[in-house]
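Data from input27.txt: compact mmCIF, C-alpha atoms
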```txt
# COMPACT_ATOMS: atom_id res chain seq x y z
CA MET D 11 13.84 -17.86 -18.97
CA ALA D 12 15.84 -14.78 -17.94
CA PRO D 13 13.85 -11.86 -16.56
CA ILE D 14 13.65 -8.67 -18.58
CA HIS D 15 15.41 -5.77 -16.91
CA ARG D 16 15.03 -2.18 -17.99
CA HIS D 17 17.72 0.40 -17.44
CA PRO D 18 16.85 2.79 -14.62
CA ASP D 19 16.14 6.43 -15.42
CA ARG D 20 18.78 8.26 -13.38
CA ARG D 21 16.53 11.33 -13.29
CA SER D 22 13.97 9.46 -11.19
CA PRO D 23 14.14 10.28 -7.47
CA LEU D 24 13.62 6.57 -6.76
CA VAL D 25 16.87 5.67 -8.54
CA PHE D 26 20.01 5.66 -6.38
CA ASP D 27 23.63 5.73 -7.57
CA THR D 28 25.73 2.88 -6.17
CA GLN D 29 29.02 3.76 -7.86
CA GLU D 30 30.69 4.98 -4.64
CA LEU D 31 29.90 1.62 -3.00
CA SER D 32 31.79 -0.05 -5.90
CA ARG D 33 31.85 -3.70 -4.87
CA ARG D 34 33.62 -3.08 -1.58
CA ALA D 35 31.73 -5.19 0.93
CA GLY D 36 31.11 -3.28 4.14
CA THR D 37 30.82 0.15 2.52
CA MET D 38 27.65 1.93 3.58
CA ARG D 39 25.77 5.12 2.75
CA GLU D 40 22.68 6.60 4.42
CA VAL D 41 20.23 8.57 2.34
CA GLN D 42 17.21 10.68 3.24
CA ARG D 43 15.15 11.80 0.28
CA THR D 44 11.66 12.99 -0.54
CA ALA D 45 10.35 11.59 -3.81
CA PRO D 46 6.99 11.94 -5.57
CA ALA D 47 4.81 8.83 -5.34
CA PRO D 48 4.54 6.85 -8.58
CA ALA D 49 1.16 6.18 -10.18
CA ASP D 50 -1.04 3.31 -8.97
CA LEU D 51 0.67 2.91 -5.60
CA GLY D 52 -2.10 1.15 -3.71
CA LEU D 53 -5.43 -0.61 -4.01
CA ALA D 54 -8.79 0.51 -5.36
CA VAL D 55 -10.09 1.56 -1.91
CA ILE D 56 -6.89 3.01 -0.40
CA SER D 57 -3.71 4.27 -2.01
CA VAL D 58 -0.92 6.82 -2.01
CA PRO D 59 -1.96 9.75 -4.22
CA GLU D 60 0.24 10.06 -7.30
CA GLY D 61 2.85 12.79 -6.86
CA SER D 62 2.42 13.03 -3.08
CA ASP D 63 5.55 12.99 -0.93
CA VAL D 64 7.26 9.70 -0.11
CA GLU D 65 9.78 10.28 2.68
CA LEU D 66 12.62 7.80 2.28
CA ASP D 67 15.11 7.05 5.05
CA LEU D 68 17.46 4.46 3.59
CA ARG D 69 20.70 2.66 4.17
CA LEU D 70 22.61 1.32 1.15
CA GLU D 71 25.18 -1.30 2.08
CA SER D 72 27.67 -3.00 -0.19
CA VAL D 73 27.63 -6.75 0.42
CA VAL D 74 29.39 -9.56 -1.43
CA GLU D 75 26.34 -10.30 -3.62
CA GLY D 76 25.51 -6.66 -4.44
CA VAL D 77 23.84 -3.76 -2.60
CA LEU D 78 21.41 -4.25 0.27
CA VAL D 79 18.89 -1.43 0.63
CA THR D 80 17.03 -1.19 3.94
CA GLY D 81 14.97 1.55 5.50
CA THR D 82 11.53 3.08 5.70
CA ALA D 83 9.17 4.88 3.38
CA THR D 84 6.62 7.18 4.99
CA VAL D 85 3.60 8.05 2.85
CA GLN D 86 0.20 9.69 3.16
CA LEU D 87 -2.69 7.35 2.39
CA GLN D 88 -6.06 8.38 1.01
CA GLY D 89 -9.07 6.20 0.55
CA GLU D 90 -12.49 5.43 1.90
CA CYS D 91 -13.82 3.34 4.74
CA ALA D 92 -15.12 -0.02 3.55
CA ARG D 93 -18.13 0.19 5.90
CA CYS D 94 -19.33 3.81 5.88
CA LEU D 95 -17.55 5.21 2.78
CA ARG D 96 -16.07 8.18 4.71
CA GLU D 97 -12.81 9.57 3.41
CA ILE D 98 -9.73 8.26 5.18
CA THR D 99 -6.39 10.03 5.31
CA ASP D 100 -3.50 8.69 7.31
CA ASP D 101 0.29 8.70 7.43
CA MET D 102 1.91 5.29 7.43
CA SER D 103 5.47 3.97 7.36
CA PHE D 104 6.55 0.87 5.49
CA GLU D 105 9.73 -1.15 5.91
CA LEU D 106 11.85 -1.59 2.79
CA GLN D 107 14.47 -4.28 2.29
CA GLU D 108 15.80 -5.35 -1.07
CA LEU D 109 19.02 -6.97 -2.22
CA PHE D 110 20.19 -5.78 -5.64
CA PHE D 111 22.63 -8.23 -7.20
CA HIS D 112 25.75 -7.30 -9.17
CA PRO D 113 25.42 -7.65 -12.96
CA GLY D 114 26.47 -10.93 -14.50
CA ARG D 115 24.71 -13.02 -11.92
CA GLU D 116 21.73 -15.07 -13.00
CA VAL D 117 18.73 -13.94 -10.98
CA ASP D 118 15.20 -15.18 -10.49
CA GLU D 119 12.22 -13.27 -11.82
CA ASP D 120 11.54 -11.57 -8.49
CA GLU D 121 15.16 -10.58 -7.80
CA CYS D 122 16.69 -7.24 -8.77
CA LEU D 123 19.95 -6.35 -10.47
CA ILE D 124 22.16 -3.29 -10.22
CA GLU D 125 21.84 -1.66 -13.64
CA ASP D 126 24.30 1.02 -14.82
CA GLU D 127 25.68 1.35 -11.27
CA SER D 128 22.16 2.29 -10.06
CA VAL D 129 19.30 0.71 -8.14
CA ASP D 130 15.66 1.56 -8.85
CA LEU D 131 13.45 1.32 -5.76
CA GLU D 132 10.08 1.80 -7.48
CA SER D 133 9.15 -1.89 -7.62
CA SER D 134 10.47 -2.47 -4.07
CA LEU D 135 8.44 0.49 -2.82
CA ARG D 136 5.34 -0.76 -4.64
CA ASP D 137 5.76 -4.26 -3.14
CA ALA D 138 6.28 -2.91 0.39
CA VAL D 139 3.28 -0.56 0.29
CA VAL D 140 0.69 -2.58 -1.64
CA LEU D 141 1.28 -5.81 0.27
CA GLU D 142 0.83 -4.08 3.64
CA LEU D 143 -2.26 -1.98 2.87
CA PRO D 144 -5.51 -3.12 4.49
CA PHE D 145 -7.80 -4.89 2.05
CA MET D 146 -10.83 -3.40 3.83
CA PRO D 147 -9.73 -0.08 5.38
CA LEU D 148 -11.84 1.27 8.23
CA CYS D 149 -12.19 4.80 9.58
CA SER D 150 -12.26 3.21 13.05
CA GLU D 151 -12.41 -0.34 14.38
CA ASP D 152 -15.94 0.22 15.74
CA CYS D 153 -17.34 1.80 12.55
CA LEU D 154 -21.06 1.04 12.33
CA GLY D 155 -21.28 1.38 8.55
CA LEU D 156 -24.35 2.35 6.54
CA CYS D 157 -28.02 1.53 7.10
CA PRO D 158 -28.94 -1.28 4.69
CA GLU D 159 -32.42 0.23 4.23
CA CYS D 160 -31.67 3.86 3.39
CA GLY D 161 -27.88 4.26 3.32
CA ALA D 162 -27.68 6.64 6.30
CA ASN D 163 -24.33 6.69 8.09
CA LEU D 164 -24.94 4.86 11.38
CA ASN D 165 -21.88 6.53 12.96
CA ASP D 166 -23.73 9.87 12.80
CA ASP D 167 -26.97 8.43 14.24
CA PRO D 168 -26.42 5.12 16.06
CA ASP D 169 -30.11 5.01 17.12
CA HIS D 170 -31.29 5.19 13.51
CA GLU D 171 -34.30 2.92 12.98
CA HIS D 172 -37.01 2.18 10.44
CA GLU D 173 -40.52 0.92 10.97
CA LEU D 174 -40.83 -2.80 10.74
CA VAL D 175 -41.36 -3.68 7.10
CA ILE D 176 -43.71 -6.59 6.60
CA ASP D 177 -43.52 -8.71 3.52
CA PRO D 178 -46.74 -8.01 1.52
CA ARG D 179 -47.36 -11.75 1.21
CA TRP D 180 -47.77 -11.96 5.01
CA SER D 181 -49.49 -8.61 5.62
CA LYS D 182 -52.98 -10.12 6.00
CA LEU D 183 -51.77 -12.18 8.98
CA VAL D 184 -51.02 -8.99 10.95
CA ASP D 185 -54.72 -8.15 11.10
CA LEU D 186 -55.73 -11.58 12.44
CA ASP D 187 -56.67 -11.74 16.07
CA VAL D 188 -54.91 -14.78 17.43
CA GLU D 189 -56.08 -16.15 20.76
CA GLU D 190 -54.05 -18.51 22.80
```

Turn the structure described in the file into structure tokens.
Amino acid sequence: MAPIHRHPDRRSPLVFDTQELSRRAGTMREVQRTAPAPADLGLAVISVPEGSDVELDLRLESVVEGVLVTGTATVQLQGECARCLREITDDMSFELQELFFHPGREVDEDECLIEDESVDLESSLRDAVVLELPFMPLCSEDCLGLCPECGANLNDDPDHEHELVIDPRWSKLVDLDVEE
């Protein structure tokens, strides 16, 4: 079954014109661009806020099969620590590499085609970012998390303690005077 390809919206800042590369293997163009982040770029606990800046530093190279796009995407991440629920903000760079094939070639479902002399990097960006995000982001490697009894942040008070809670079924045994 042939994959369904949609025509790229040339107004999108994640769509790049490849017409000047025009099937001449060895032709190259470098591009630096700031684009707004698309929606749902991330996981439930950490993601790139929609509309925030995505700094793209790319190299588009004409190769025999199509256009090879390589480079980096630098984004600002927002989320929360999986242990203590503190807000996390961080800048992170992701490596991009995608080969866009010339039209007329049969491609697999996960391969991309050049459509209307353009390449759309949104799905490549999404793959690069989402696959590299931590599944359980931490504010620091030694985060202590939350107290299981009361929910206090143990990073703020590492000596936080509660009185020993005795199961009511065993409470009568505490009052027994046991002699050895």

Practice problem: Write out as a PyMOL selection string each polymer residue whose atoms come within 12 Å of region 43-50 of chain D, counting all atoms listed in the file; drop sequence neighbours fewer than 6 positions from it. | Solution: chain D and resi 21-26+56-69+81-87+131-137+139-140

Quiz item: Which of these, D:Ala162, D:Leu31, D:Leu53, D:Leu143, has the shortest distance to Asp101 (chain D) once you count all atoms listed in the file?
Solution: D:Leu143

Quiz item: In file coordinates, which residues lie within 6 Å of (23.9, -5.9, -9.4) using only C-alpha atoms, given as an MDAnalysis selection string?
Solution: chainID D and resid 76 110:113 123:124

Write out as a PDB file with C-alpha atoms, in the coordinates of the input which residues come within 8 Å of region 146-151 of chain D when counting all atoms listed in the file, dropping same-chain ones fewer than 4 positions away.
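Output saved as part.pdb:
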```
ATOM      1  CA  VAL D  55     -10.090   1.560  -1.910  1.00  0.00           C
ATOM      2  CA  ILE D  56      -6.890   3.010  -0.400  1.00  0.00           C
ATOM      3  CA  GLY D  89      -9.070   6.200   0.550  1.00  0.00           C
ATOM      4  CA  GLU D  90     -12.490   5.430   1.900  1.00  0.00           C
ATOM      5  CA  CYS D  91     -13.820   3.340   4.740  1.00  0.00           C
ATOM      6  CA  ALA D  92     -15.120  -0.020   3.550  1.00  0.00           C
ATOM      7  CA  ARG D  93     -18.130   0.190   5.900  1.00  0.00           C
ATOM      8  CA  ARG D  96     -16.070   8.180   4.710  1.00  0.00           C
ATOM      9  CA  GLU D  97     -12.810   9.570   3.410  1.00  0.00           C
ATOM     10  CA  ILE D  98      -9.730   8.260   5.180  1.00  0.00           C
TER      11      ILE D  98
END
```

Exercise. For Ser32 (chain D), work out the shell of residues within 12 Å, counting all atoms listed in the file and skipping chain neighbours fewer than 6 positions away, then give it as a ChimeraX atom specification.
Key: /D:38-39,70-77,112,124,126-128

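We find CA of Asp152 (chain D) and CA of Leu51 (chain D) to be spaced 27.2 Å apart.
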
Listed atoms of region 109-118 of chain D boxed along x, y and z, 3 Å each side, centre and edge lengths in Å, one decimal, as lines of an AutoDock Vina configuration file:
```
center_x = 20.8
center_y = -10.5
center_z = -8.4
size_x = 17.3
size_y = 15.4
size_z = 18.3
```

Exercise. May I ask which of the residues D:Val129, D:Leu141, D:Leu186, D:Leu154 is the closest one to Gln29 (chain D), counting all atoms listed in the file?
Key: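 Among the listed residues, the smallest separation from Gln29 (chain D) belongs to D:Val129.
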
Practice problem: Work out how far CA of Val117 (chain D) is from CA of Ala138 (chain D), in Å to one decimal. | Solution: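 Going from CA of Ala138 (chain D) over to CA of Val117 (chain D) covers 20.1 Å.
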
Exercise. Rounded to one decimal place, report the CA of Gln88 (chain D)-CA of Val41 (chain D) distance in Å.
Key: 26.3 Å

Quiz item: Leaving out Gly155 (chain D) and any residue of its chain fewer than 4 positions from it, which residues lie within 7 Å of it when counting only C-alpha atoms, given as a ChimeraX atom specification?
Solution: /D:93-94,163-165

Completion of region 97-108 of chain D up to all heavy atoms, as an mmCIF file, in the coordinates of the input:
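Generated file (rebuild36.cif):
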```
data_model
loop_
_atom_site.group_PDB
_atom_site.id
_atom_site.type_symbol
_atom_site.label_atom_id
_atom_site.label_comp_id
_atom_site.auth_asym_id
_atom_site.auth_seq_id
_atom_site.Cartn_x
_atom_site.Cartn_y
_atom_site.Cartn_z
ATOM 1 N N GLU D 97 -14.188 9.412 3.872
ATOM 2 C CA GLU D 97 -12.810 9.570 3.410
ATOM 3 C C GLU D 97 -11.847 9.280 4.546
ATOM 4 O O GLU D 97 -12.070 9.679 5.683
ATOM 5 C CB GLU D 97 -12.592 10.981 2.879
ATOM 6 C CG GLU D 97 -11.214 11.167 2.281
ATOM 7 C CD GLU D 97 -11.014 12.536 1.683
ATOM 8 O OE1 GLU D 97 -11.965 13.065 1.075
ATOM 9 O OE2 GLU D 97 -9.906 13.075 1.842
ATOM 10 N N ILE D 98 -10.780 8.578 4.220
ATOM 11 C CA ILE D 98 -9.730 8.260 5.180
ATOM 12 C C ILE D 98 -8.438 8.894 4.698
ATOM 13 O O ILE D 98 -8.085 8.767 3.522
ATOM 14 C CB ILE D 98 -9.503 6.730 5.281
ATOM 15 C CG1 ILE D 98 -10.744 6.017 5.779
ATOM 16 C CG2 ILE D 98 -8.315 6.425 6.174
ATOM 17 C CD1 ILE D 98 -10.610 4.491 5.726
ATOM 18 N N THR D 99 -7.746 9.578 5.586
ATOM 19 C CA THR D 99 -6.390 10.030 5.310
ATOM 20 C C THR D 99 -5.542 9.654 6.510
ATOM 21 O O THR D 99 -5.978 9.784 7.657
ATOM 22 C CB THR D 99 -6.311 11.562 5.087
ATOM 23 O OG1 THR D 99 -6.845 12.231 6.215
ATOM 24 C CG2 THR D 99 -7.075 11.975 3.842
ATOM 25 N N ASP D 100 -4.359 9.153 6.234
ATOM 26 C CA ASP D 100 -3.500 8.690 7.310
ATOM 27 C C ASP D 100 -2.064 8.655 6.813
ATOM 28 O O ASP D 100 -1.811 8.445 5.625
ATOM 29 C CB ASP D 100 -3.937 7.280 7.739
ATOM 30 C CG ASP D 100 -3.319 6.848 9.054
ATOM 31 O OD1 ASP D 100 -2.766 7.697 9.771
ATOM 32 O OD2 ASP D 100 -3.394 5.648 9.361
ATOM 33 N N ASP D 101 -1.123 8.881 7.729
ATOM 34 C CA ASP D 101 0.290 8.700 7.430
ATOM 35 C C ASP D 101 0.684 7.310 7.889
ATOM 36 O O ASP D 101 0.257 6.863 8.946
ATOM 37 C CB ASP D 101 1.150 9.740 8.143
ATOM 38 C CG ASP D 101 0.977 11.137 7.564
ATOM 39 O OD1 ASP D 101 0.586 11.246 6.391
ATOM 40 O OD2 ASP D 101 1.232 12.111 8.286
ATOM 41 N N MET D 102 1.502 6.650 7.080
ATOM 42 C CA MET D 102 1.910 5.290 7.430
ATOM 43 C C MET D 102 3.341 5.070 6.949
ATOM 44 O O MET D 102 3.739 5.584 5.913
ATOM 45 C CB MET D 102 0.957 4.293 6.763
ATOM 46 C CG MET D 102 1.012 2.912 7.307
ATOM 47 S SD MET D 102 -0.426 1.980 6.692
ATOM 48 C CE MET D 102 -0.078 0.412 7.434
ATOM 49 N N SER D 103 4.096 4.302 7.730
ATOM 50 C CA SER D 103 5.470 3.970 7.360
ATOM 51 C C SER D 103 5.547 2.496 6.980
ATOM 52 O O SER D 103 4.896 1.650 7.587
ATOM 53 C CB SER D 103 6.424 4.247 8.516
ATOM 54 O OG SER D 103 6.538 5.630 8.721
ATOM 55 N N PHE D 104 6.364 2.223 5.993
ATOM 56 C CA PHE D 104 6.550 0.870 5.490
ATOM 57 C C PHE D 104 8.031 0.538 5.496
ATOM 58 O O PHE D 104 8.858 1.375 5.152
ATOM 59 C CB PHE D 104 6.000 0.740 4.062
ATOM 60 C CG PHE D 104 4.542 1.022 3.965
ATOM 61 C CD1 PHE D 104 4.070 2.299 3.693
ATOM 62 C CD2 PHE D 104 3.619 0.010 4.149
ATOM 63 C CE1 PHE D 104 2.720 2.559 3.605
ATOM 64 C CE2 PHE D 104 2.260 0.259 4.062
ATOM 65 C CZ PHE D 104 1.810 1.543 3.794
ATOM 66 N N GLU D 105 8.343 -0.686 5.887
ATOM 67 C CA GLU D 105 9.730 -1.150 5.910
ATOM 68 C C GLU D 105 10.127 -1.610 4.500
ATOM 69 O O GLU D 105 9.381 -2.337 3.846
ATOM 70 C CB GLU D 105 9.894 -2.317 6.877
ATOM 71 C CG GLU D 105 9.631 -1.953 8.320
ATOM 72 C CD GLU D 105 10.638 -0.969 8.891
ATOM 73 O OE1 GLU D 105 11.844 -1.108 8.598
ATOM 74 O OE2 GLU D 105 10.208 -0.065 9.622
ATOM 75 N N LEU D 106 11.303 -1.173 4.074
ATOM 76 C CA LEU D 106 11.850 -1.590 2.790
ATOM 77 C C LEU D 106 13.096 -2.434 3.033
ATOM 78 O O LEU D 106 13.917 -2.095 3.893
ATOM 79 C CB LEU D 106 12.259 -0.386 1.942
ATOM 80 C CG LEU D 106 11.173 0.578 1.502
ATOM 81 C CD1 LEU D 106 11.787 1.798 0.852
ATOM 82 C CD2 LEU D 106 10.230 -0.101 0.545
ATOM 83 N N GLN D 107 13.237 -3.495 2.271
ATOM 84 C CA GLN D 107 14.470 -4.280 2.290
ATOM 85 C C GLN D 107 14.563 -5.010 0.968
ATOM 86 O O GLN D 107 13.683 -5.803 0.626
ATOM 87 C CB GLN D 107 14.487 -5.272 3.442
ATOM 88 C CG GLN D 107 15.784 -6.056 3.490
ATOM 89 C CD GLN D 107 15.909 -6.898 4.747
ATOM 90 O OE1 GLN D 107 15.255 -6.644 5.743
ATOM 91 N NE2 GLN D 107 16.748 -7.903 4.684
ATOM 92 N N GLU D 108 15.613 -4.719 0.241
ATOM 93 C CA GLU D 108 15.800 -5.350 -1.070
ATOM 94 C C GLU D 108 17.280 -5.528 -1.323
ATOM 95 O O GLU D 108 18.077 -4.627 -1.087
ATOM 96 C CB GLU D 108 15.190 -4.464 -2.162
ATOM 97 C CG GLU D 108 15.118 -5.100 -3.516
ATOM 98 C CD GLU D 108 14.030 -6.157 -3.611
ATOM 99 O OE1 GLU D 108 12.883 -5.883 -3.220
ATOM 100 O OE2 GLU D 108 14.338 -7.271 -4.080
#
```
